[in-house]
$ cat my_file11.cif   # mmCIF, C-alpha atoms
data_input
loop_
_atom_site.label_atom_id
_atom_site.label_comp_id
_atom_site.auth_asym_id
_atom_site.auth_seq_id
_atom_site.Cartn_x
_atom_site.Cartn_y
_atom_site.Cartn_z
CA MET X 1 -4.93 -34.48 14.59
CA LYS X 2 -1.37 -35.21 15.65
CA THR X 3 0.47 -37.34 13.07
CA SER X 4 1.13 -40.19 15.51
CA ALA X 5 -2.58 -40.27 16.46
CA GLN X 6 -3.56 -40.19 12.78
CA VAL X 7 -1.22 -43.08 12.00
CA LYS X 8 -2.40 -45.06 15.01
CA ALA X 9 -6.07 -44.57 14.10
CA TYR X 10 -5.34 -45.70 10.54
CA TYR X 11 -3.51 -48.82 11.70
CA GLN X 12 -6.20 -49.72 14.24
CA LYS X 13 -8.88 -49.35 11.58
CA GLN X 14 -7.05 -51.81 9.31
CA ALA X 15 -6.44 -54.26 12.14
CA ASN X 16 -10.09 -54.14 13.24
CA SER X 17 -11.21 -54.72 9.64
CA LEU X 18 -9.05 -57.84 9.50
CA PHE X 19 -10.21 -59.11 12.89
CA ASP X 20 -13.85 -58.71 11.84
CA TYR X 21 -13.38 -61.54 9.34
CA PHE X 22 -12.86 -63.96 12.23
CA ASN X 23 -16.52 -63.38 13.16
CA LYS X 24 -17.65 -64.34 9.68
CA PRO X 25 -17.99 -68.00 8.61
CA PRO X 26 -15.31 -68.60 5.94
CA LYS X 27 -17.86 -70.44 3.80
CA THR X 28 -19.78 -67.18 3.40
CA PHE X 29 -16.76 -65.19 2.17
CA SER X 30 -17.30 -63.47 -1.16
CA GLU X 31 -14.68 -63.06 -3.88
CA ASN X 32 -14.24 -59.46 -2.78
CA ASP X 33 -13.61 -60.53 0.84
CA PHE X 34 -10.38 -62.31 -0.07
CA HIS X 35 -9.28 -59.28 -2.07
CA ALA X 36 -10.20 -56.96 0.82
CA ILE X 37 -8.20 -59.06 3.29
CA ARG X 38 -5.12 -58.74 1.11
CA VAL X 39 -5.57 -54.98 0.71
CA VAL X 40 -5.94 -54.49 4.47
CA ILE X 41 -2.77 -56.48 5.16
CA LYS X 42 -0.90 -54.57 2.43
CA ARG X 43 -1.84 -51.31 4.17
CA MET X 44 -0.62 -52.66 7.50
CA LYS X 45 2.59 -53.89 5.92
CA ALA X 46 3.26 -50.50 4.30
CA LEU X 47 3.01 -48.83 7.70
CA LEU X 48 5.14 -51.53 9.32
CA ASP X 49 7.82 -51.03 6.64
CA LEU X 50 7.83 -47.34 7.51
CA LEU X 51 8.21 -48.04 11.21
CA ASN X 52 10.96 -50.55 10.50
CA LYS X 53 12.99 -47.85 8.75
CA ALA X 54 12.25 -45.13 11.31
CA GLU X 55 12.64 -47.24 14.43
CA PRO X 56 15.35 -49.99 14.60
CA ARG X 57 13.51 -51.72 17.47
CA VAL X 58 10.65 -52.63 15.13
CA HIS X 59 11.47 -56.04 13.65
CA ARG X 60 9.25 -56.07 10.58
CA LYS X 61 9.67 -59.75 9.76
CA LYS X 62 8.87 -60.94 13.29
CA TYR X 63 5.80 -58.74 13.63
CA PHE X 64 4.50 -59.39 10.12
CA ASP X 65 4.86 -63.19 10.09
CA PRO X 66 1.42 -63.88 11.62
CA PHE X 67 -0.20 -61.73 8.93
CA LYS X 68 1.90 -63.23 6.14
CA ALA X 69 0.33 -66.67 6.47
CA ILE X 70 -3.23 -65.42 6.02
CA PHE X 71 -2.10 -63.00 3.29
CA GLU X 72 -0.51 -65.77 1.23
CA GLN X 73 -3.43 -68.17 1.69
CA ALA X 74 -5.85 -65.46 0.56
CA ALA X 75 -3.61 -65.05 -2.51
CA ASN X 76 -3.89 -68.79 -3.23
CA ILE X 77 -7.64 -68.25 -3.51
CA ARG X 78 -7.58 -64.87 -5.18
CA GLU X 79 -5.33 -65.85 -8.09
CA PRO X 80 -7.54 -68.64 -9.53
CA GLN X 81 -10.56 -66.41 -8.85
CA VAL X 82 -9.03 -63.69 -11.04
CA LYS X 83 -8.33 -66.20 -13.82
CA LEU X 84 -11.87 -67.57 -13.64
CA LYS X 85 -13.37 -64.09 -13.74
CA LEU X 86 -11.34 -63.14 -16.82
CA LEU X 87 -12.52 -66.32 -18.53
CA ALA X 88 -16.19 -65.78 -17.69
CA HIS X 89 -17.24 -64.69 -21.20
CA TYR X 90 -15.35 -67.50 -22.98
CA ARG X 91 -17.89 -70.21 -23.87
CA ASN X 92 -16.08 -73.24 -25.23
CA SER X 93 -16.10 -76.89 -24.15
CA SER X 94 -12.30 -77.00 -24.15
CA ILE X 95 -12.01 -73.86 -22.01
CA GLU X 96 -14.61 -75.25 -19.60
CA LYS X 97 -12.07 -77.90 -18.57
CA PHE X 98 -9.72 -75.12 -17.46
CA LYS X 99 -12.56 -73.37 -15.62
CA ARG X 100 -13.42 -76.56 -13.74
CA GLU X 101 -9.79 -76.96 -12.69
CA LEU X 102 -9.74 -73.39 -11.42
CA SER X 103 -12.97 -73.96 -9.49
CA ARG X 104 -11.43 -77.08 -7.94
CA GLN X 105 -8.35 -75.08 -6.88
CA ILE X 106 -10.51 -72.37 -5.32
CA ALA X 107 -12.53 -74.92 -3.31
CA SER X 108 -9.37 -76.64 -2.10
CA GLU X 109 -7.66 -73.40 -1.05
CA LYS X 110 -10.82 -72.11 0.64
CA LEU X 111 -10.88 -75.24 2.79
CA LYS X 112 -7.28 -74.58 3.86
CA PHE X 113 -8.19 -70.96 4.58
CA SER X 114 -11.16 -72.05 6.69
CA LYS X 115 -8.93 -74.27 8.82
CA MET X 116 -6.56 -71.32 9.42
CA MET X 117 -9.27 -69.01 10.78
CA LYS X 118 -9.01 -70.15 14.38
CA VAL X 119 -9.08 -68.30 17.69
CA SER X 120 -5.40 -69.17 18.19
CA LEU X 121 -4.46 -67.28 14.99
CA LEU X 122 -6.64 -64.31 15.99
CA LYS X 123 -4.86 -64.11 19.34
CA GLU X 124 -1.48 -64.26 17.60
CA LEU X 125 -2.50 -61.44 15.23
CA GLN X 126 -3.83 -59.33 18.11
CA LYS X 127 -0.63 -59.87 20.08
CA SER X 128 1.49 -58.76 17.11
CA THR X 129 -0.78 -55.75 16.55
CA SER X 130 -0.44 -54.66 20.17
CA ARG X 131 3.33 -54.81 19.92
CA ILE X 132 3.32 -52.73 16.74
CA GLU X 133 0.96 -50.13 18.22
CA ARG X 134 3.47 -49.39 20.98
CA TYR X 135 5.74 -47.81 18.38
CA LEU X 136 3.06 -45.86 16.52
CA ASP X 137 3.12 -43.06 19.11
CA GLU X 138 6.63 -42.27 17.90
CA ALA X 139 5.56 -41.73 14.29
CA ASP X 140 5.97 -38.15 13.16
CA ARG X 141 5.32 -36.32 9.92
CA LYS X 142 9.02 -35.56 9.40
CA SER X 143 10.11 -39.22 9.47
CA ILE X 144 7.16 -40.22 7.28
CA ALA X 145 7.93 -37.45 4.79
CA HIS X 146 11.58 -38.54 4.66
CA TYR X 147 10.54 -42.15 4.05
CA LEU X 148 8.09 -41.19 1.31
CA ASP X 149 10.69 -38.95 -0.31
CA LYS X 150 13.12 -41.86 -0.62
CA LYS X 151 10.42 -44.13 -1.98
CA THR X 152 9.19 -41.59 -4.53
CA LYS X 153 12.71 -41.13 -5.86
CA VAL X 154 12.85 -44.86 -6.53
CA VAL X 155 9.53 -44.63 -8.39
CA GLN X 156 10.81 -41.68 -10.42
CA LYS X 157 13.98 -43.55 -11.34
CA LEU X 158 12.12 -46.69 -12.40
CA GLY X 159 9.44 -44.79 -14.30
CA SER X 160 11.94 -42.60 -16.10
CA ASP X 161 13.51 -45.58 -17.84
CA LYS X 162 12.78 -45.01 -21.54
CA ASN X 163 13.25 -48.73 -22.20
CA LEU X 164 10.98 -49.92 -19.40
CA LYS X 165 10.44 -53.66 -19.84
CA PRO X 166 7.55 -55.74 -18.42
CA ASN X 167 9.66 -56.79 -15.44
CA GLY X 168 10.33 -53.12 -14.80
CA VAL X 169 6.61 -52.37 -14.94
CA HIS X 170 6.02 -55.12 -12.38
CA GLU X 171 8.66 -53.58 -10.11
CA LEU X 172 7.18 -50.11 -10.64
CA ARG X 173 3.76 -51.44 -9.61
CA LYS X 174 5.19 -52.87 -6.38
CA ARG X 175 7.08 -49.68 -5.56
CA ILE X 176 4.04 -47.46 -6.11
CA LYS X 177 1.98 -49.68 -3.82
CA GLU X 178 4.65 -49.37 -1.12
CA ILE X 179 3.88 -45.67 -0.76
CA TYR X 180 0.34 -45.49 -2.15
CA TYR X 181 -1.42 -46.49 1.08
CA LEU X 182 0.66 -44.11 3.18
CA GLN X 183 -0.16 -41.27 0.81
CA LYS X 184 -3.85 -42.07 1.01
CA MET X 185 -3.61 -42.17 4.79
CA LEU X 186 -1.96 -38.78 5.17
CA GLU X 187 -3.30 -36.72 2.29
CA LYS X 188 -6.68 -35.07 2.17
CA LYS X 189 -9.35 -36.21 -0.24
CA GLY X 190 -8.82 -34.77 -3.71
CA HIS X 191 -5.08 -34.37 -3.27
CA ARG X 192 -2.92 -34.70 -6.37
CA PHE X 193 -1.91 -38.26 -5.42
CA ALA X 194 -5.50 -39.35 -6.02
CA ARG X 195 -4.80 -39.26 -9.75
CA THR X 196 -2.71 -42.42 -9.35
CA ASP X 197 -5.94 -44.38 -8.80
CA ASP X 198 -6.57 -44.81 -12.53
CA PHE X 199 -2.94 -45.75 -13.12
CA GLN X 200 -3.12 -48.32 -10.32
CA GLU X 201 -6.19 -49.82 -11.97
CA LEU X 202 -4.38 -50.00 -15.31
CA LEU X 203 -1.40 -51.70 -13.68
CA GLY X 204 -3.79 -54.10 -11.97
CA LYS X 205 -5.45 -55.09 -15.25
CA TRP X 206 -2.05 -55.70 -16.80
CA HIS X 207 -0.98 -57.81 -13.83
CA ASP X 208 -4.19 -59.88 -13.89
CA GLY X 209 -3.74 -60.48 -17.62
CA ARG X 210 -0.23 -61.76 -17.02
CA VAL X 211 -1.50 -64.04 -14.26
CA LEU X 212 -4.04 -65.55 -16.68
CA GLU X 213 -1.45 -65.91 -19.44
CA ARG X 214 0.86 -67.86 -17.11
CA GLY X 215 -2.08 -69.92 -15.90
CA ILE X 216 -2.97 -70.95 -19.45
CA LYS X 217 0.63 -71.92 -20.19
CA ASP X 218 0.86 -73.97 -16.99
CA PHE X 219 -2.45 -75.72 -17.69
CA MET X 220 -1.34 -76.62 -21.20
CA ALA X 221 1.97 -77.95 -19.91
CA THR X 222 0.59 -80.02 -17.03
CA SER X 223 -2.72 -81.28 -18.44
CA SER X 224 -3.12 -84.11 -20.89
CA LEU X 225 -5.06 -82.08 -23.42
CA PRO X 226 -6.61 -83.84 -26.43
CA ALA X 227 -5.13 -82.73 -29.75
CA LYS X 228 -8.38 -80.93 -30.64
CA ASP X 229 -8.11 -78.70 -27.53
CA ILE X 230 -4.57 -77.45 -28.12
CA PRO X 231 -5.43 -74.97 -30.95
CA VAL X 232 -8.24 -73.57 -28.79
CA PHE X 233 -5.86 -72.86 -25.92
CA GLU X 234 -3.18 -71.50 -28.23
CA LYS X 235 -5.70 -69.07 -29.69
CA LEU X 236 -6.84 -68.02 -26.22
CA ARG X 237 -3.28 -67.59 -25.01
CA GLN X 238 -2.44 -65.41 -28.00
CA LYS X 239 -5.54 -63.30 -27.44
CA ILE X 240 -4.58 -62.71 -23.80
CA THR X 241 -0.98 -61.98 -24.84
CA ASN X 242 -2.17 -59.35 -27.32
CA TYR X 243 -4.38 -57.77 -24.66
CA ASN X 244 -1.46 -57.64 -22.23
CA GLN X 245 0.77 -56.00 -24.83
CA GLN X 246 -1.88 -53.35 -25.54
CA THR X 247 -2.24 -52.66 -21.81
CA TYR X 248 1.53 -52.50 -21.47
CA GLN X 249 1.69 -49.84 -24.20
CA SER X 250 -1.05 -47.87 -22.41
CA ILE X 251 1.04 -47.98 -19.23
CA LEU X 252 4.06 -46.62 -21.08
CA ARG X 253 1.96 -43.77 -22.49
CA GLU X 254 0.43 -42.89 -19.12
CA LYS X 255 3.48 -43.19 -16.88
CA LYS X 256 5.02 -39.85 -17.84
CA ALA X 257 1.98 -37.93 -16.61
CA ILE X 258 1.72 -40.09 -13.48
CA LEU X 259 5.36 -39.48 -12.57
CA LYS X 260 4.50 -35.82 -12.10
CA SER X 261 2.54 -36.89 -9.01
CA PHE X 262 5.76 -38.17 -7.49
CA LYS X 263 7.77 -34.97 -7.56
#
$ encode --input "my_file11.cif" --output "structure tokens"
Amino acid sequence: MKTSAQVKAYYQKQANSLFDYFNKPPKTFSENDFHAIRVVIKRMKALLDLLNKAEPRVHRKKYFDPFKAIFEQAANIREPQVKLKLLAHYRNSSIEKFKRELSRQIASEKLKFSKMMKVSLLKELQKSTSRIERYLDEADRKSIAHYLDKKTKVVQKLGSDKNLKPNGVHELRKRIKEIYYLQKMLEKKGHRFARTDDFQELLGKWHDGRVLERGIKDFMATSSLPAKDIPVFEKLRQKITNYNQQTYQSILREKKAILKSFK
């Protein structure tokens, strides 16, 4: 298959997956649906970033704006869902207060999401998709390879830092995701880039742990907790912090081997 046709088919598949959600009542969305929506839009954004670099006429911001709104609202639901899931096995009356607050946030953000899923938004997304597709015929393997080469060099540089700090790990995670979906699109099953799957999962666990840690801190700072609850939350926060540090060390141990996939 010609590269431009392969890229176009990939993009159309992602767009159709997103549009399918407009035929599904938002109240029936599962936790995985909100995650899937974000993944689909990330894939579309990665391809749009590529086109933006290869073709000056492609205005990434203008074309991506309609998708950004739904992406960010899905994130407003997904983040408290992640926190709630990580807290599922903690059975404590004090922690239950935090869980109830998270459940309230999820319900509130789902209502906002439901109001967004209108025919007018679908038409706007379809219009933006049609405009983007006009440029996909110009995609070629050479320009894609050049783009990926530049991106992989950034990953190599970040990952090679012997004193990689948590903020650096966060940046490394973002950079890998920028090229990950394009690699998966172009490479055959079983290619050497597939080994990054486990590393991506490790980075994801570390990121989710950090999200929960921040959530606990924010809840403690903004809620009028009784004195008896504070030690419970401090203990939980420390436990999550320790878990994040252990995961961070695992990332540092694994990154050297993973960087070999980006040469």
$ closest_residue --input "my_file11.cif" --among "X:Arg91, X:Lys97, X:Lys127, X:Lys184" --to "Val7 in chain X" --atoms "only C-alpha atoms"
X:Lys184
$ closest_residue --input "my_file11.cif" --among "X:Ile144, X:Leu51, X:Ile106, X:Met117" --to "Asp20 in chain X" --atoms "only C-alpha atoms"
X:Met117
$ atom_distance --input "my_file11.cif" --atom1 "CA of Tyr10 in chain X" --atom2 "CA of Lys205 in chain X"
27.4 Å
$ closest_residue --input "my_file11.cif" --among "X:Leu158, X:Ala36, X:Ile258, X:Leu47" --to "Asp197 in chain X" --atoms "only C-alpha atoms"
X:Ile258
$ atom_distance --input "my_file11.cif" --atom1 "CA of Lys165 in chain X" --atom2 "CA of His146 in chain X"
28.8 Å
$ closest_residue --input "my_file11.cif" --among "X:Val155, X:Leu252, X:Ile77, X:Leu212" --to "Gln238 in chain X" --atoms "all atoms listed in the file"
X:Leu212
$ residues_around --input "my_file11.cif" --residues "Leu125 in chain X" --least-positions-apart "6" --cutoff "12 Å" --atoms "only C-alpha atoms" --output "list of chain:residue names"
X:Ala15, X:Asn16, X:Leu18, X:Phe19, X:Phe22, X:Ile41, X:Met44, X:Lys62, X:Tyr63, X:Phe64, X:Asp65, X:Pro66, X:Phe67, X:Lys68, X:Ala69, X:Ile70, X:Met117, X:Lys118, X:Val119, X:Arg131, X:Ile132
$ atom_distance --input "my_file11.cif" --atom1 "CA of Ala74 in chain X" --atom2 "CA of Ile37 in chain X"
7.3 Å
$ resolve_selection --input "my_file11.cif" --expression "the PyMOL selection byres ((chain X and resi 8) around 12)" --output "ChimeraX atom specification"
/X:1-7,9-15,44,47-48,51,129-130,132-140,185-186
$ closest_residue --input "my_file11.cif" --among "X:Ala107, X:Leu182, X:Leu121, X:Leu148" --to "Lys42 in chain X" --atoms "all atoms listed in the file"
X:Leu182
$ residues_around --input "my_file11.cif" --residues "Thr152 in chain X" --least-positions-apart "4" --cutoff "12 Å" --atoms "only C-alpha atoms" --output "list of chain:residue names"
X:Ala145, X:His146, X:Tyr147, X:Leu148, X:Gln156, X:Lys157, X:Leu158, X:Gly159, X:Ser160, X:Leu172, X:Arg175, X:Ile176, X:Lys177, X:Glu178, X:Ile179, X:Tyr180, X:Leu182, X:Gln183, X:Phe193, X:Ile258, X:Leu259, X:Lys260, X:Ser261, X:Phe262, X:Lys263
$ write_last_selection --input "my_file11.cif" --atoms "C-alpha atoms" --output "short mmCIF file (atom, residue, chain, number, x, y, z; two decimals), keeping the file's coordinate frame"
data_model
loop_
_atom_site.label_atom_id
_atom_site.label_comp_id
_atom_site.auth_asym_id
_atom_site.auth_seq_id
_atom_site.Cartn_x
_atom_site.Cartn_y
_atom_site.Cartn_z
CA ALA X 145 7.93 -37.45 4.79
CA HIS X 146 11.58 -38.54 4.66
CA TYR X 147 10.54 -42.15 4.05
CA LEU X 148 8.09 -41.19 1.31
CA GLN X 156 10.81 -41.68 -10.42
CA LYS X 157 13.98 -43.55 -11.34
CA LEU X 158 12.12 -46.69 -12.40
CA GLY X 159 9.44 -44.79 -14.30
CA SER X 160 11.94 -42.60 -16.10
CA LEU X 172 7.18 -50.11 -10.64
CA ARG X 175 7.08 -49.68 -5.56
CA ILE X 176 4.04 -47.46 -6.11
CA LYS X 177 1.98 -49.68 -3.82
CA GLU X 178 4.65 -49.37 -1.12
CA ILE X 179 3.88 -45.67 -0.76
CA TYR X 180 0.34 -45.49 -2.15
CA LEU X 182 0.66 -44.11 3.18
CA GLN X 183 -0.16 -41.27 0.81
CA PHE X 193 -1.91 -38.26 -5.42
CA ILE X 258 1.72 -40.09 -13.48
CA LEU X 259 5.36 -39.48 -12.57
CA LYS X 260 4.50 -35.82 -12.10
CA SER X 261 2.54 -36.89 -9.01
CA PHE X 262 5.76 -38.17 -7.49
CA LYS X 263 7.77 -34.97 -7.56
#
$ resolve_selection --input "my_file11.cif" --expression "the PyMOL selection byres ((chain X and resi 85) around 12)" --output "MDAnalysis selection string"
chainID X and resid 31:32 78:84 86:90 99 102:103 208:209 211:212
$ residues_around --input "my_file11.cif" --residues "Ile230 in chain X" --least-positions-apart "4" --cutoff "9 Å" --atoms "only C-alpha atoms" --output "NGL selection string"
:X and (94 or 220 or 225-226 or 234-235)
$ closest_atom_pairs --input "my_file11.cif" --of "range 39-113 of chain X" --to "range 23-28 of chain X" --cutoff "9 Å" --atoms "all atoms listed in the file" --output "Markdown table"
| residue | atom | partner | partner_atom | distance |
| --- | --- | --- | --- | --- |
| X:Lys110 | CA | X:Pro26 | CA | 7.8 |
| X:Leu111 | CA | X:Lys27 | CA | 8.5 |
| X:Phe113 | CA | X:Pro26 | CA | 7.6 |
$ closest_residue --input "my_file11.cif" --among "X:Lys174, X:Gln105, X:Ser93, X:Ser128" --to "Lys61 in chain X" --atoms "all atoms listed in the file"
X:Ser128
$ resolve_selection --input "my_file11.cif" --expression "the PyMOL selection byres ((chain X and resi 216) around 9)" --output "ChimeraX atom specification"
/X:98,211-215,217-221,233-234,236-237
$ write_last_selection --input "my_file11.cif" --atoms "C-alpha atoms" --output "CSV table (one decimal), keeping the file's coordinate frame"
chain,number,residue,atom,x,y,z
X,98,PHE,CA,-9.7,-75.1,-17.5
X,211,VAL,CA,-1.5,-64.0,-14.3
X,212,LEU,CA,-4.0,-65.6,-16.7
X,213,GLU,CA,-1.4,-65.9,-19.4
X,214,ARG,CA,0.9,-67.9,-17.1
X,215,GLY,CA,-2.1,-69.9,-15.9
X,217,LYS,CA,0.6,-71.9,-20.2
X,218,ASP,CA,0.9,-74.0,-17.0
X,219,PHE,CA,-2.4,-75.7,-17.7
X,220,MET,CA,-1.3,-76.6,-21.2
X,221,ALA,CA,2.0,-78.0,-19.9
X,233,PHE,CA,-5.9,-72.9,-25.9
X,234,GLU,CA,-3.2,-71.5,-28.2
X,236,LEU,CA,-6.8,-68.0,-26.2
X,237,ARG,CA,-3.3,-67.6,-25.0
$ axis_aligned_box --input "my_file11.cif" --around "range 165-171 of chain X" --padding-each-side "4 Å" --output "AutoDock Vina command-line options"
--center_x 8.2 --center_y -54.6 --center_z -15.0 --size_x 12.4 --size_y 12.4 --size_z 17.7
$ residues_around --input "my_file11.cif" --residues "Leu202 in chain X" --least-positions-apart "4" --cutoff "12 Å" --atoms "all atoms listed in the file" --output "PyMOL selection string"
chain X and resi 169-170+173+196-198+206-209+244+246-255+258
$ write_last_selection --input "my_file11.cif" --atoms "C-alpha atoms" --output "mmCIF file, in the coordinates of the input"
data_model
loop_
_atom_site.group_PDB
_atom_site.id
_atom_site.type_symbol
_atom_site.label_atom_id
_atom_site.label_comp_id
_atom_site.auth_asym_id
_atom_site.auth_seq_id
_atom_site.Cartn_x
_atom_site.Cartn_y
_atom_site.Cartn_z
ATOM 1 C CA VAL X 169 6.610 -52.370 -14.940
ATOM 2 C CA HIS X 170 6.020 -55.120 -12.380
ATOM 3 C CA ARG X 173 3.760 -51.440 -9.610
ATOM 4 C CA THR X 196 -2.710 -42.420 -9.350
ATOM 5 C CA ASP X 197 -5.940 -44.380 -8.800
ATOM 6 C CA ASP X 198 -6.570 -44.810 -12.530
ATOM 7 C CA TRP X 206 -2.050 -55.700 -16.800
ATOM 8 C CA HIS X 207 -0.980 -57.810 -13.830
ATOM 9 C CA ASP X 208 -4.190 -59.880 -13.890
ATOM 10 C CA GLY X 209 -3.740 -60.480 -17.620
ATOM 11 C CA ASN X 244 -1.460 -57.640 -22.230
ATOM 12 C CA GLN X 246 -1.880 -53.350 -25.540
ATOM 13 C CA THR X 247 -2.240 -52.660 -21.810
ATOM 14 C CA TYR X 248 1.530 -52.500 -21.470
ATOM 15 C CA GLN X 249 1.690 -49.840 -24.200
ATOM 16 C CA SER X 250 -1.050 -47.870 -22.410
ATOM 17 C CA ILE X 251 1.040 -47.980 -19.230
ATOM 18 C CA LEU X 252 4.060 -46.620 -21.080
ATOM 19 C CA ARG X 253 1.960 -43.770 -22.490
ATOM 20 C CA GLU X 254 0.430 -42.890 -19.120
ATOM 21 C CA LYS X 255 3.480 -43.190 -16.880
ATOM 22 C CA ILE X 258 1.720 -40.090 -13.480
#
$ build_atoms --input "my_file11.cif" --residues "range 27-52 of chain X" --atoms "N, CA and C atoms" --output "tab-separated table (two decimals), keeping the file's coordinate frame"
chain	number	residue	atom	x	y	z
X	27	LYS	N	-17.08	-69.94	4.92
X	27	LYS	CA	-17.86	-70.44	3.80
X	27	LYS	C	-18.71	-69.35	3.16
X	28	THR	N	-18.94	-68.26	3.92
X	28	THR	CA	-19.78	-67.18	3.40
X	28	THR	C	-18.95	-66.07	2.76
X	29	PHE	N	-17.63	-66.22	2.74
X	29	PHE	CA	-16.76	-65.19	2.17
X	29	PHE	C	-17.05	-65.02	0.68
X	30	SER	N	-17.12	-63.77	0.26
X	30	SER	CA	-17.30	-63.47	-1.16
X	30	SER	C	-15.93	-63.34	-1.82
X	31	GLU	N	-15.93	-63.26	-3.15
X	31	GLU	CA	-14.68	-63.06	-3.88
X	31	GLU	C	-14.00	-61.78	-3.43
X	32	ASN	N	-14.80	-60.74	-3.19
X	32	ASN	CA	-14.24	-59.46	-2.78
X	32	ASN	C	-13.63	-59.51	-1.38
X	33	ASP	N	-14.15	-60.42	-0.52
X	33	ASP	CA	-13.61	-60.53	0.84
X	33	ASP	C	-12.14	-60.93	0.83
X	34	PHE	N	-11.78	-61.87	-0.02
X	34	PHE	CA	-10.38	-62.31	-0.07
X	34	PHE	C	-9.49	-61.19	-0.61
X	35	HIS	N	-10.03	-60.43	-1.55
X	35	HIS	CA	-9.28	-59.28	-2.07
X	35	HIS	C	-9.13	-58.23	-0.97
X	36	ALA	N	-10.22	-57.97	-0.24
X	36	ALA	CA	-10.20	-56.96	0.82
X	36	ALA	C	-9.21	-57.32	1.92
X	37	ILE	N	-9.14	-58.60	2.27
X	37	ILE	CA	-8.20	-59.06	3.29
X	37	ILE	C	-6.77	-58.74	2.87
X	38	ARG	N	-6.47	-59.00	1.61
X	38	ARG	CA	-5.12	-58.74	1.11
X	38	ARG	C	-4.81	-57.25	1.10
X	39	VAL	N	-5.78	-56.43	0.74
X	39	VAL	CA	-5.57	-54.98	0.71
X	39	VAL	C	-5.32	-54.45	2.12
X	40	VAL	N	-6.11	-54.91	3.08
X	40	VAL	CA	-5.94	-54.49	4.47
X	40	VAL	C	-4.55	-54.84	4.97
X	41	ILE	N	-4.09	-56.06	4.70
X	41	ILE	CA	-2.77	-56.48	5.16
X	41	ILE	C	-1.67	-55.71	4.43
X	42	LYS	N	-1.88	-55.38	3.16
X	42	LYS	CA	-0.90	-54.57	2.43
X	42	LYS	C	-0.76	-53.19	3.07
X	43	ARG	N	-1.88	-52.62	3.50
X	43	ARG	CA	-1.84	-51.31	4.17
X	43	ARG	C	-1.07	-51.39	5.47
X	44	MET	N	-1.32	-52.47	6.23
X	44	MET	CA	-0.62	-52.66	7.50
X	44	MET	C	0.87	-52.88	7.27
X	45	LYS	N	1.19	-53.62	6.24
X	45	LYS	CA	2.59	-53.89	5.92
X	45	LYS	C	3.32	-52.61	5.51
X	46	ALA	N	2.64	-51.76	4.73
X	46	ALA	CA	3.26	-50.50	4.30
X	46	ALA	C	3.63	-49.65	5.51
X	47	LEU	N	2.74	-49.61	6.49
X	47	LEU	CA	3.01	-48.83	7.70
X	47	LEU	C	4.10	-49.48	8.53
X	48	LEU	N	4.10	-50.80	8.57
X	48	LEU	CA	5.14	-51.53	9.32
X	48	LEU	C	6.51	-51.33	8.67
X	49	ASP	N	6.56	-51.29	7.35
X	49	ASP	CA	7.82	-51.03	6.64
X	49	ASP	C	8.36	-49.65	7.02
X	50	LEU	N	7.44	-48.69	7.11
X	50	LEU	CA	7.83	-47.34	7.51
X	50	LEU	C	8.42	-47.33	8.91
X	51	LEU	N	7.74	-47.99	9.83
X	51	LEU	CA	8.21	-48.04	11.21
X	51	LEU	C	9.55	-48.75	11.32
X	52	ASN	N	9.72	-49.78	10.51
X	52	ASN	CA	10.96	-50.55	10.50
X	52	ASN	C	12.15	-49.68	10.12
